[in-house]
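Asker: This one is coords-v7.csv, CSV, C-alpha atoms.
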```
chain,number,residue,atom,x,y,z
D,1,MET,CA,0.0,0.0,0.0
D,2,GLU,CA,1.2,3.5,-0.8
D,3,LYS,CA,-0.6,6.8,-0.1
D,4,THR,CA,0.4,10.4,-0.7
D,5,PHE,CA,-1.1,13.1,1.5
D,6,ILE,CA,-1.1,16.8,0.5
D,7,ASN,CA,-1.3,19.8,2.8
D,8,PRO,CA,-3.3,22.4,0.8
D,9,ALA,CA,-2.1,25.2,3.0
D,10,THR,CA,1.6,24.6,2.4
D,11,ASN,CA,1.5,22.4,-0.8
D,12,LYS,CA,3.8,19.9,1.1
D,13,GLN,CA,3.5,16.2,0.4
D,14,TRP,CA,3.8,13.3,2.9
D,15,ARG,CA,4.0,9.7,1.6
D,16,ILE,CA,3.5,6.5,3.4
D,17,GLU,CA,4.3,3.0,2.0
D,18,ILE,CA,3.6,-0.3,3.7
D,19,ASP,CA,5.8,-3.2,2.5
D,20,GLY,CA,5.2,-6.4,4.6
D,21,HIS,CA,6.2,-5.5,8.1
D,22,THR,CA,8.0,-2.4,7.1
D,23,ILE,CA,6.5,1.1,7.1
D,24,ARG,CA,8.3,3.9,5.1
D,25,THR,CA,7.4,7.6,5.4
D,26,CYS,CA,8.7,10.6,3.5
D,27,LEU,CA,8.0,14.3,4.0
D,28,ASN,CA,8.2,16.5,0.9
D,29,GLY,CA,10.8,14.3,-0.9
D,30,GLY,CA,13.2,14.4,2.0
D,31,LYS,CA,14.8,11.5,3.9
D,32,VAL,CA,12.8,8.2,4.0
D,33,LYS,CA,12.1,7.0,7.6
D,34,GLU,CA,11.6,3.3,8.1
D,35,ILE,CA,9.6,1.7,10.9
D,36,LEU,CA,10.2,-2.0,11.4
D,37,CYS,CA,7.2,-3.9,12.9
D,38,ASP,CA,6.9,-7.4,14.5
D,39,SER,CA,3.4,-8.2,13.4
D,40,ALA,CA,0.5,-7.2,11.1
D,41,PHE,CA,-1.3,-5.8,14.1
D,42,GLN,CA,1.7,-3.5,14.9
D,43,VAL,CA,1.9,-2.5,11.2
D,44,LYS,CA,-1.7,-1.4,11.2
D,45,SER,CA,-1.4,0.4,14.6
D,46,LYS,CA,1.8,2.3,13.8
D,47,ALA,CA,0.6,3.2,10.2
D,48,ALA,CA,-2.7,4.5,11.6
D,49,SER,CA,-0.8,6.5,14.2
D,50,ALA,CA,1.5,8.0,11.6
D,51,MET,CA,-1.3,9.0,9.3
D,52,MET,CA,-3.4,10.4,12.1
D,53,GLY,CA,-0.4,12.6,13.1
D,54,GLN,CA,-0.2,14.0,9.6
D,55,ILE,CA,-3.9,14.6,9.0
D,56,ARG,CA,-4.1,16.5,12.3
D,57,LYS,CA,-1.5,18.9,10.8
D,58,GLY,CA,-3.8,19.5,7.8
D,59,PHE,CA,-2.6,16.8,5.3
D,60,VAL,CA,-5.4,15.4,3.2
D,61,TYR,CA,-5.5,12.2,1.1
D,62,GLN,CA,-7.6,12.3,-2.1
D,63,ASN,CA,-7.8,9.7,-4.8
D,64,PRO,CA,-10.7,10.5,-7.2
D,65,ASP,CA,-10.0,7.3,-9.2
D,66,ALA,CA,-10.3,4.9,-6.2
D,67,ALA,CA,-11.7,1.5,-7.0
D,68,VAL,CA,-14.7,0.1,-5.2
D,69,GLY,CA,-14.0,-0.2,-1.5
D,70,GLN,CA,-10.8,1.9,-1.7
D,71,ALA,CA,-10.4,5.3,0.0
D,72,ARG,CA,-11.3,8.4,-2.1
D,73,CYS,CA,-10.5,10.7,0.8
D,74,HIS,CA,-9.1,10.9,4.3
D,75,ARG,CA,-9.1,14.2,6.2
D,76,PHE,CA,-9.2,15.4,9.8
D,77,VAL,CA,-12.2,17.5,10.7
D,78,GLY,CA,-11.8,17.8,14.5
D,79,LYS,CA,-12.5,15.7,17.5
D,80,ASP,CA,-16.1,15.9,18.6
D,81,SER,CA,-17.0,16.6,22.2
D,82,ASN,CA,-20.1,14.5,22.2
D,83,GLY,CA,-19.2,11.2,20.5
D,84,PHE,CA,-22.4,10.9,18.4
D,85,MET,CA,-20.7,11.7,15.1
D,86,PRO,CA,-23.8,13.1,13.4
D,87,LEU,CA,-23.8,12.5,9.6
D,88,ALA,CA,-26.4,13.4,7.0
D,89,ALA,CA,-26.3,12.0,3.4
D,90,ALA,CA,-28.8,11.1,0.6
D,91,LEU,CA,-28.6,8.4,-2.0
D,92,THR,CA,-29.4,10.8,-4.8
D,93,ARG,CA,-26.4,13.1,-4.2
D,94,ASP,CA,-22.7,12.9,-3.4
D,95,ASP,CA,-22.4,15.9,-1.1
D,96,PHE,CA,-23.1,15.3,2.6
D,97,PHE,CA,-23.0,17.0,6.0
D,98,LEU,CA,-21.4,16.3,9.4
D,99,THR,CA,-21.6,18.2,12.6
D,100,ARG,CA,-19.1,18.5,15.5
D,101,VAL,CA,-19.1,20.2,18.9
D,102,VAL,CA,-16.1,22.5,19.2
D,103,GLY,CA,-14.1,22.5,22.5
D,104,ASP,CA,-16.2,22.8,25.7
D,105,PHE,CA,-19.4,23.5,23.7
D,106,GLU,CA,-18.2,27.0,22.6
D,107,ASP,CA,-19.7,26.2,19.2
D,108,GLU,CA,-21.2,23.5,17.1
D,109,THR,CA,-20.0,23.5,13.4
D,110,LEU,CA,-21.9,22.0,10.4
D,111,TYR,CA,-19.6,21.0,7.6
D,112,HIS,CA,-20.8,20.6,4.0
D,113,PHE,CA,-18.5,18.3,1.9
D,114,ASP,CA,-18.6,17.5,-1.8
D,115,GLY,CA,-18.1,13.9,-3.1
D,116,SER,CA,-14.3,14.2,-3.2
D,117,GLY,CA,-14.0,15.4,0.4
D,118,GLU,CA,-13.5,19.1,-0.3
D,119,ILE,CA,-15.2,21.4,2.3
D,120,LEU,CA,-17.9,23.4,0.4
D,121,GLU,CA,-19.0,25.4,3.5
D,122,THR,CA,-18.9,25.5,7.3
D,123,VAL,CA,-21.7,27.0,9.3
D,124,SER,CA,-21.7,27.9,13.0
D,125,LEU,CA,-24.8,26.6,14.7
D,126,GLY,CA,-24.1,28.3,18.0
D,127,ALA,CA,-22.9,27.5,21.5
D,128,LYS,CA,-24.1,25.0,24.1
D,129,ARG,CA,-25.6,22.6,21.5
D,130,MET,CA,-25.3,18.9,21.1
D,131,THR,CA,-26.6,17.3,17.9
D,132,TYR,CA,-27.2,13.6,18.4
D,133,GLU,CA,-28.3,12.8,14.9
D,134,GLN,CA,-29.3,14.6,11.7
D,135,VAL,CA,-31.0,13.6,8.4
D,136,LEU,CA,-31.0,15.2,5.0
D,137,CYS,CA,-34.4,15.8,3.5
D,138,PRO,CA,-35.5,17.2,0.1
D,139,LYS,CA,-35.8,20.9,-0.5
D,140,ASP,CA,-32.5,21.7,1.2
D,141,THR,CA,-33.7,20.8,4.7
D,142,LEU,CA,-31.7,19.2,7.5
D,143,LEU,CA,-33.6,17.8,10.5
D,144,LEU,CA,-31.5,17.9,13.7
D,145,ASN,CA,-31.9,16.1,17.0
D,146,ASN,CA,-30.4,18.7,19.3
D,147,SER,CA,-30.4,17.2,22.8
D,148,TYR,CA,-33.8,15.5,22.1
D,149,LEU,CA,-35.2,18.7,20.7
D,150,LEU,CA,-36.0,18.4,17.0
D,151,GLU,CA,-35.0,21.4,14.8
D,152,GLN,CA,-35.2,22.2,11.1
D,153,PHE,CA,-32.2,23.8,9.4
D,154,SER,CA,-32.5,25.5,6.0
D,155,LEU,CA,-29.4,24.9,3.9
D,156,ARG,CA,-30.4,28.0,1.9
D,157,THR,CA,-30.9,30.6,4.7
D,158,HIS,CA,-29.0,28.8,7.5
D,159,GLU,CA,-32.0,29.5,9.7
D,160,ILE,CA,-32.7,27.1,12.6
D,161,THR,CA,-36.3,26.7,13.7
D,162,PRO,CA,-37.9,24.5,16.3
D,163,PHE,CA,-39.6,21.5,14.7
D,164,ALA,CA,-42.4,19.1,15.7
D,165,ASN,CA,-42.0,18.8,19.4
D,166,LYS,CA,-41.2,20.4,22.7
D,167,LYS,CA,-38.1,19.1,24.5
D,168,ASN,CA,-38.6,15.7,26.1
D,169,SER,CA,-36.1,13.5,27.8
D,170,MET,CA,-34.7,10.8,25.5
D,171,LYS,CA,-38.0,10.4,23.5
D,172,THR,CA,-37.0,11.5,20.0
D,173,MET,CA,-37.2,9.3,16.9
D,174,LEU,CA,-35.6,10.6,13.7
D,175,ASP,CA,-35.1,8.8,10.3
D,176,ALA,CA,-35.2,9.6,6.6
D,177,SER,CA,-35.6,7.4,3.5
D,178,GLY,CA,-36.0,8.9,0.0
D,179,ASP,CA,-38.4,11.9,0.3
D,180,LEU,CA,-39.8,10.6,3.6
D,181,ALA,CA,-38.9,11.6,7.1
D,182,LEU,CA,-40.1,10.0,10.4
D,183,TRP,CA,-40.1,11.7,13.8
D,184,TYR,CA,-41.7,11.5,17.2
D,185,THR,CA,-43.3,14.5,18.8
D,186,GLY,CA,-43.4,13.0,22.3
D,187,GLU,CA,-47.1,12.0,21.7
D,188,GLU,CA,-47.3,11.0,18.0
D,189,ILE,CA,-45.1,9.3,15.4
D,190,VAL,CA,-45.3,11.1,12.1
D,191,VAL,CA,-44.1,10.1,8.6
D,192,PHE,CA,-44.0,13.1,6.2
D,193,ASP,CA,-43.2,13.3,2.5
D,194,PHE,CA,-41.0,16.4,2.0
D,195,GLY,CA,-41.1,15.9,-1.8
D,196,SER,CA,-44.8,16.4,-2.1
D,197,ASN,CA,-45.3,18.2,1.2
D,198,THR,CA,-47.9,15.8,2.5
D,199,GLU,CA,-48.3,13.8,5.6
D,200,VAL,CA,-48.2,10.0,5.0
D,201,TRP,CA,-49.0,8.5,8.4
D,202,ARG,CA,-49.5,9.5,12.0
D,203,GLU,CA,-50.0,7.4,15.1
D,204,THR,CA,-50.5,8.4,18.8
D,205,VAL,CA,-48.2,6.4,21.0
D,206,LYS,CA,-46.6,6.7,24.5
D,207,CYS,CA,-43.0,5.7,24.8
D,208,LYS,CA,-42.4,3.6,27.9
D,209,LYS,CA,-39.7,4.2,30.4
D,210,SER,CA,-36.9,1.6,30.4
D,211,LYS,CA,-35.8,-0.5,33.3
D,212,ASP,CA,-32.3,-0.6,31.8
D,213,PRO,CA,-30.0,2.0,33.3
D,214,ASN,CA,-28.1,2.4,30.0
D,215,PHE,CA,-30.9,4.3,28.4
D,216,ALA,CA,-34.0,6.1,29.6
D,217,TYR,CA,-36.7,5.1,27.1
D,218,TYR,CA,-37.5,2.3,24.6
D,219,CYS,CA,-37.9,4.9,21.9
D,220,PHE,CA,-36.9,4.0,18.3
D,221,GLY,CA,-38.3,4.3,14.8
D,222,MET,CA,-37.0,3.8,11.2
D,223,LEU,CA,-38.2,3.8,7.6
D,224,SER,CA,-37.5,1.0,5.0
D,225,PRO,CA,-35.2,1.5,2.0
D,226,ARG,CA,-38.1,1.6,-0.5
D,227,GLN,CA,-40.3,3.7,1.8
D,228,SER,CA,-43.1,1.2,1.9
D,229,LYS,CA,-42.7,0.4,5.7
D,230,ALA,CA,-42.0,2.1,9.0
D,231,VAL,CA,-41.1,0.3,12.2
D,232,TYR,CA,-41.2,1.6,15.7
D,233,ARG,CA,-40.5,0.5,19.3
D,234,VAL,CA,-42.0,2.2,22.3
D,235,THR,CA,-42.0,-0.7,24.8
D,236,GLU,CA,-39.5,-3.3,25.8
D,237,GLY,CA,-40.8,-6.5,24.2
D,238,GLU,CA,-42.0,-5.6,20.7
D,239,TYR,CA,-41.5,-3.8,17.4
D,240,VAL,CA,-44.5,-2.6,15.4
D,241,LEU,CA,-44.3,-2.8,11.6
D,242,VAL,CA,-46.5,-0.4,9.6
D,243,ASP,CA,-47.5,-0.6,6.0
D,244,LEU,CA,-47.4,3.1,4.9
D,245,LYS,CA,-50.0,2.5,2.1
D,246,SER,CA,-52.6,0.5,4.0
D,247,ALA,CA,-51.7,1.6,7.6
D,248,GLN,CA,-51.9,-2.1,8.6
D,249,LYS,CA,-49.7,-3.1,11.5
D,250,VAL,CA,-47.8,-6.3,12.4
D,251,VAL,CA,-46.4,-6.7,15.9
D,252,ILE,CA,-43.2,-8.6,16.3
D,253,PRO,CA,-42.3,-9.8,19.8
D,254,ASN,CA,-38.6,-9.2,20.2
D,255,GLU,CA,-36.5,-7.5,22.9
D,256,GLY,CA,-33.4,-7.2,20.7
D,257,TRP,CA,-31.6,-4.2,19.2
D,258,HIS,CA,-30.0,-3.1,15.9
D,259,PRO,CA,-33.0,-3.5,13.5
D,260,PHE,CA,-32.7,-3.2,9.7
D,261,PHE,CA,-34.7,-3.9,6.5
D,262,SER,CA,-33.7,-5.9,3.4
D,263,PRO,CA,-33.2,-3.7,0.3
D,264,ASP,CA,-36.5,-4.9,-1.1
D,265,ASP,CA,-38.5,-4.1,2.1
D,266,GLN,CA,-39.6,-7.8,2.3
D,267,CYS,CA,-37.5,-8.8,5.4
D,268,PHE,CA,-37.1,-7.1,8.7
D,269,SER,CA,-34.3,-8.2,11.1
D,270,VAL,CA,-33.8,-7.3,14.8
D,271,GLY,CA,-32.0,-9.0,17.6
D,272,GLY,CA,-30.3,-11.4,15.2
D,273,ARG,CA,-33.7,-12.8,14.0
D,274,PHE,CA,-35.5,-12.4,10.7
D,275,TYR,CA,-39.2,-11.7,9.8
D,276,LEU,CA,-41.4,-11.3,6.8
D,277,THR,CA,-42.6,-7.7,6.8
D,278,GLN,CA,-46.1,-8.6,5.4
D,279,THR,CA,-47.0,-11.1,8.1
D,280,GLY,CA,-44.4,-10.9,10.9
D,281,GLU,CA,-43.7,-14.6,10.4
D,282,GLU,CA,-40.2,-15.6,11.4
D,283,MET,CA,-37.9,-16.8,8.6
D,284,ALA,CA,-34.4,-18.1,8.0
D,285,ASN,CA,-31.6,-15.6,7.4
D,286,PRO,CA,-32.0,-14.5,3.7
D,287,PHE,CA,-28.7,-12.5,3.7
D,288,PRO,CA,-25.3,-13.8,2.5
D,289,PHE,CA,-23.8,-12.6,5.8
D,290,SER,CA,-24.5,-13.9,9.3
D,291,VAL,CA,-26.0,-11.7,12.0
D,292,ARG,CA,-25.1,-12.2,15.6
D,293,GLN,CA,-27.8,-12.8,18.1
D,294,GLY,CA,-27.9,-11.4,21.7
D,295,LEU,CA,-26.2,-8.1,20.9
D,296,ASN,CA,-26.7,-5.5,23.6
D,297,PHE,CA,-27.7,-1.9,23.0
D,298,SER,CA,-24.1,-0.8,23.3
D,299,ASP,CA,-22.8,-3.4,20.9
D,300,THR,CA,-22.1,-2.2,17.4
D,301,CYS,CA,-24.3,-3.7,14.6
D,302,MET,CA,-24.9,-1.1,11.9
D,303,VAL,CA,-26.4,-1.7,8.5
D,304,ARG,CA,-26.8,0.8,5.7
D,305,THR,CA,-28.5,0.2,2.4
D,306,ARG,CA,-28.3,1.6,-1.1
D,307,GLY,CA,-30.1,-0.2,-3.9
D,308,SER,CA,-28.8,-3.8,-3.7
D,309,LEU,CA,-25.8,-2.8,-1.6
D,310,MET,CA,-25.6,-3.3,2.1
D,311,ALA,CA,-22.8,-2.0,4.3
D,312,VAL,CA,-22.6,-4.1,7.5
D,313,GLN,CA,-20.5,-3.6,10.6
D,314,GLN,CA,-21.2,-6.5,13.0
D,315,ASP,CA,-18.9,-6.1,15.9
D,316,ARG,CA,-17.9,-3.6,18.5
D,317,GLY,CA,-15.9,-0.5,17.7
D,318,ASN,CA,-13.3,-0.5,15.0
D,319,SER,CA,-14.2,-3.8,13.3
D,320,PRO,CA,-14.2,-3.7,9.5
D,321,ILE,CA,-17.3,-2.7,7.4
D,322,GLU,CA,-18.3,-5.2,4.8
D,323,VAL,CA,-20.0,-4.0,1.6
D,324,TRP,CA,-22.3,-6.7,0.1
D,325,ASP,CA,-24.2,-6.9,-3.2
D,326,ILE,CA,-27.3,-8.7,-2.1
D,327,GLY,CA,-28.4,-9.2,-5.7
D,328,SER,CA,-25.4,-11.4,-6.5
D,329,GLY,CA,-24.6,-12.4,-2.9
D,330,GLN,CA,-21.0,-11.2,-3.4
D,331,LEU,CA,-18.8,-9.5,-0.8
D,332,LEU,CA,-17.6,-6.5,-2.8
D,333,ALA,CA,-15.2,-4.9,-0.3
D,334,THR,CA,-14.0,-5.0,3.3
D,335,ILE,CA,-13.3,-1.5,4.6
D,336,ASP,CA,-10.9,-1.4,7.6
D,337,ASP,CA,-10.6,2.4,8.1
D,338,PRO,CA,-7.3,3.4,9.9
D,339,PHE,CA,-8.9,6.3,11.8
D,340,VAL,CA,-11.6,4.5,13.8
D,341,VAL,CA,-10.5,4.3,17.4
D,342,ARG,CA,-13.6,3.1,19.2
D,343,GLN,CA,-16.6,3.7,17.0
D,344,VAL,CA,-17.7,5.1,13.7
D,345,ASN,CA,-20.9,6.4,12.0
D,346,PHE,CA,-21.3,5.7,8.3
D,347,ALA,CA,-23.7,6.4,5.5
D,348,PHE,CA,-24.1,5.8,1.7
D,349,THR,CA,-24.0,8.7,-0.8
D,350,LYS,CA,-24.8,8.4,-4.5
D,351,SER,CA,-21.4,6.9,-5.3
D,352,GLY,CA,-19.6,6.4,-2.0
D,353,LEU,CA,-19.6,5.4,1.7
D,354,VAL,CA,-18.8,8.2,4.1
D,355,LEU,CA,-17.3,7.5,7.5
D,356,HIS,CA,-17.2,9.9,10.5
D,357,THR,CA,-15.0,8.6,13.2
D,358,ASP,CA,-14.8,9.2,16.9
D,359,TYR,CA,-11.4,10.9,16.8
D,360,GLY,CA,-12.4,13.4,14.3
D,361,ALA,CA,-11.5,12.0,10.9
D,362,MET,CA,-13.7,11.8,7.8
D,363,SER,CA,-13.2,9.2,5.1
D,364,ILE,CA,-14.9,8.5,1.8
D,365,TYR,CA,-14.7,5.1,0.2
D,366,SER,CA,-15.7,4.5,-3.4
D,367,CYS,CA,-18.9,2.5,-4.0
D,368,ALA,CA,-19.5,3.7,-7.5
D,369,LEU,CA,-21.2,0.8,-9.4
```
Please re-express this file's structure in structure tokens.

Answerer:
Amino acid sequence: MEKTFINPATNKQWRIEIDGHTIRTCLNGGKVKEILCDSAFQVKSKAASAMMGQIRKGFVYQNPDAAVGQARCHRFVGKDSNGFMPLAAALTRDDFFLTRVVGDFEDETLYHFDGSGEILETVSLGAKRMTYEQVLCPKDTLLLNNSYLLEQFSLRTHEITPFANKKNSMKTMLDASGDLALWYTGEEIVVFDFGSNTEVWRETVKCKKSKDPNFAYYCFGMLSPRQSKAVYRVTEGEYVLVDLKSAQKVVIPNEGWHPFFSPDDQCFSVGGRFYLTQTGEEMANPFPFSVRQGLNFSDTCMVRTRGSLMAVQQDRGNSPIEVWDIGSGQLLATIDDPFVVRQVNFAFTKSGLVLHTDYGAMSIYSCAL
């Protein structure tokens, strides 16, 4: 492996080459430094440390011709003070947004990147904020979960307005798929079509308080990839699947975590088990990858979908992300990002997979098919 990083402020270059158990680095054509390692693990660790040291100084890696699963960009954005790594992307566009808390909550900054990792714009959102999650909706709208208070941010005017609910302790749902967005007001779950400006579905529910000390409420909701289904959880032992056309509901008894849909909306998985979305009937695993059972809330199991592609991270923390083509059953790439220390958030764009890592790096991997 060989990568060349460039510092746009100074035009200096820094190169790193990995050759077996030897790491070679060179700054601006100067003397080559060699680091000899004892194992593959040590190579990975020392190379990651060396690269992190350089991107913190402003060096950026960009490779617009990256093959599928290869890095198109690595750059340092800044260590976030909250650890949530909010990321907003859409499958119809290559630009995306991430947010980080600056210092001791002196400011929260929204970054707008293009598909090659260039910063198009930075926006100050203000002090004493903590955005847990954000979703990108049509008509240049970002929905933000700011400390369990939903807000709408206009990408045109940069105006932040309260949205949908008053502040409530840990009882916010937020998700988007296509033109649809889903949220919880504290009293009702709403699915809204931002493309046509119409409400699709609304349900009055009360989110139950949790007996688990790790989180306060059993509050969760998400939309399916093809926008035909929604699923929500407001109590410990069950998930409720909703058909957004007929409003018919199917209740699935399951106390597990980490739910996701199949790309065709026909299968719903949670707690390492699999169900037909039409009937709620349990089924065998239809995916070419296995899914662990018995994962806790704090265990990592993230799945993102774009068309027939599924990006899957199964284990805790800095485990690799696998990109599968469900249509062919093929594993297209295994992404082992060097800048993930404990955890990562990731999302598909039109032609890439964006990673926002806990120590402040942003990476884009090519998924242009």

Asker: For Met52 (chain D), work out the shell of residues within 12 Å, counting all atoms listed in the file and skipping chain neighbours fewer than 5 positions away, then give it as a list of chain:residue names.

Answerer: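 So, after excluding close chain neighbours, the residues are D:Phe5, D:Ile16, D:Lys44, D:Ser45, D:Lys46, D:Ala47, D:Lys57, D:Gly58, D:Phe59, D:Val60, D:Tyr61, D:His74, D:Arg75, D:Phe76, D:Val77, D:Gly78, D:Lys79, D:Asp337, D:Pro338, D:Phe339, D:Val340, D:Val341, D:Thr357, D:Tyr359, D:Gly360, D:Ala361, D:Met362.
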
Asker: Could you take the residues named above and write them with C-alpha atoms, as a CSV table (one decimal), in the frame of the given file?

Answerer:
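Wrote part.csv, looks like this:
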```
chain,number,residue,atom,x,y,z
D,5,PHE,CA,-1.1,13.1,1.5
D,16,ILE,CA,3.5,6.5,3.4
D,44,LYS,CA,-1.7,-1.4,11.2
D,45,SER,CA,-1.4,0.4,14.6
D,46,LYS,CA,1.8,2.3,13.8
D,47,ALA,CA,0.6,3.2,10.2
D,57,LYS,CA,-1.5,18.9,10.8
D,58,GLY,CA,-3.8,19.5,7.8
D,59,PHE,CA,-2.6,16.8,5.3
D,60,VAL,CA,-5.4,15.4,3.2
D,61,TYR,CA,-5.5,12.2,1.1
D,74,HIS,CA,-9.1,10.9,4.3
D,75,ARG,CA,-9.1,14.2,6.2
D,76,PHE,CA,-9.2,15.4,9.8
D,77,VAL,CA,-12.2,17.5,10.7
D,78,GLY,CA,-11.8,17.8,14.5
D,79,LYS,CA,-12.5,15.7,17.5
D,337,ASP,CA,-10.6,2.4,8.1
D,338,PRO,CA,-7.3,3.4,9.9
D,339,PHE,CA,-8.9,6.3,11.8
D,340,VAL,CA,-11.6,4.5,13.8
D,341,VAL,CA,-10.5,4.3,17.4
D,357,THR,CA,-15.0,8.6,13.2
D,359,TYR,CA,-11.4,10.9,16.8
D,360,GLY,CA,-12.4,13.4,14.3
D,361,ALA,CA,-11.5,12.0,10.9
D,362,MET,CA,-13.7,11.8,7.8
```

Asker: Hey, which of D:Phe215, D:Phe348, D:Trp14, D:Phe287 ends up closest to Gly327 (chain D)? Count all atoms listed in the file.

Answerer: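 Smallest separation from Gly327 (chain D) among the options: D:Phe287.
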
Asker: Please indicate the distance in Å from CA of Leu295 (chain D) to CA of Phe220 (chain D), rounded to one decimal place.

Answerer: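 Between these atoms lies a distance of 16.4 Å.
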
Asker: If I take CA of Phe97 (chain D) and CA of Glu2 (chain D), how far is one from the other in Å, to one decimal?

Answerer: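 Distance reported for this atom pair: 28.5 Å.
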
Asker: Rounded to one decimal in Å, what is the spacing between CA of Gln42 (chain D) and CA of Gln343 (chain D)?

Answerer: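 Separation between CA of Gln42 (chain D) and CA of Gln343 (chain D): 19.8 Å.
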
Asker: What's the 8 Å shell around region 111-118 of chain D, counting all atoms listed in the file, without same-chain residues fewer than 6 positions away, as number ranges by chain?

Answerer: D: 62, 64, 72-75, 94-99, 352, 363-364

Asker: Excluding same-chain residues fewer than 3 positions from region 247-263 of chain D, what lies within 8 Å of it counting all atoms listed in the file, as number ranges by chain?

Answerer: D: 201, 224-226, 236-244, 266-272, 277-280, 294-297, 301-303, 305-310

Asker: Quick one: everything within 9 Å of region 23-29 of chain D, counting all atoms listed in the file, minus sequence neighbours fewer than 5 positions away in the same chain. Send it as JSON, numbers by chain.

Answerer: {"D": [12, 13, 14, 15, 16, 17, 18, 34, 35, 36, 37, 43, 46, 47, 50]}
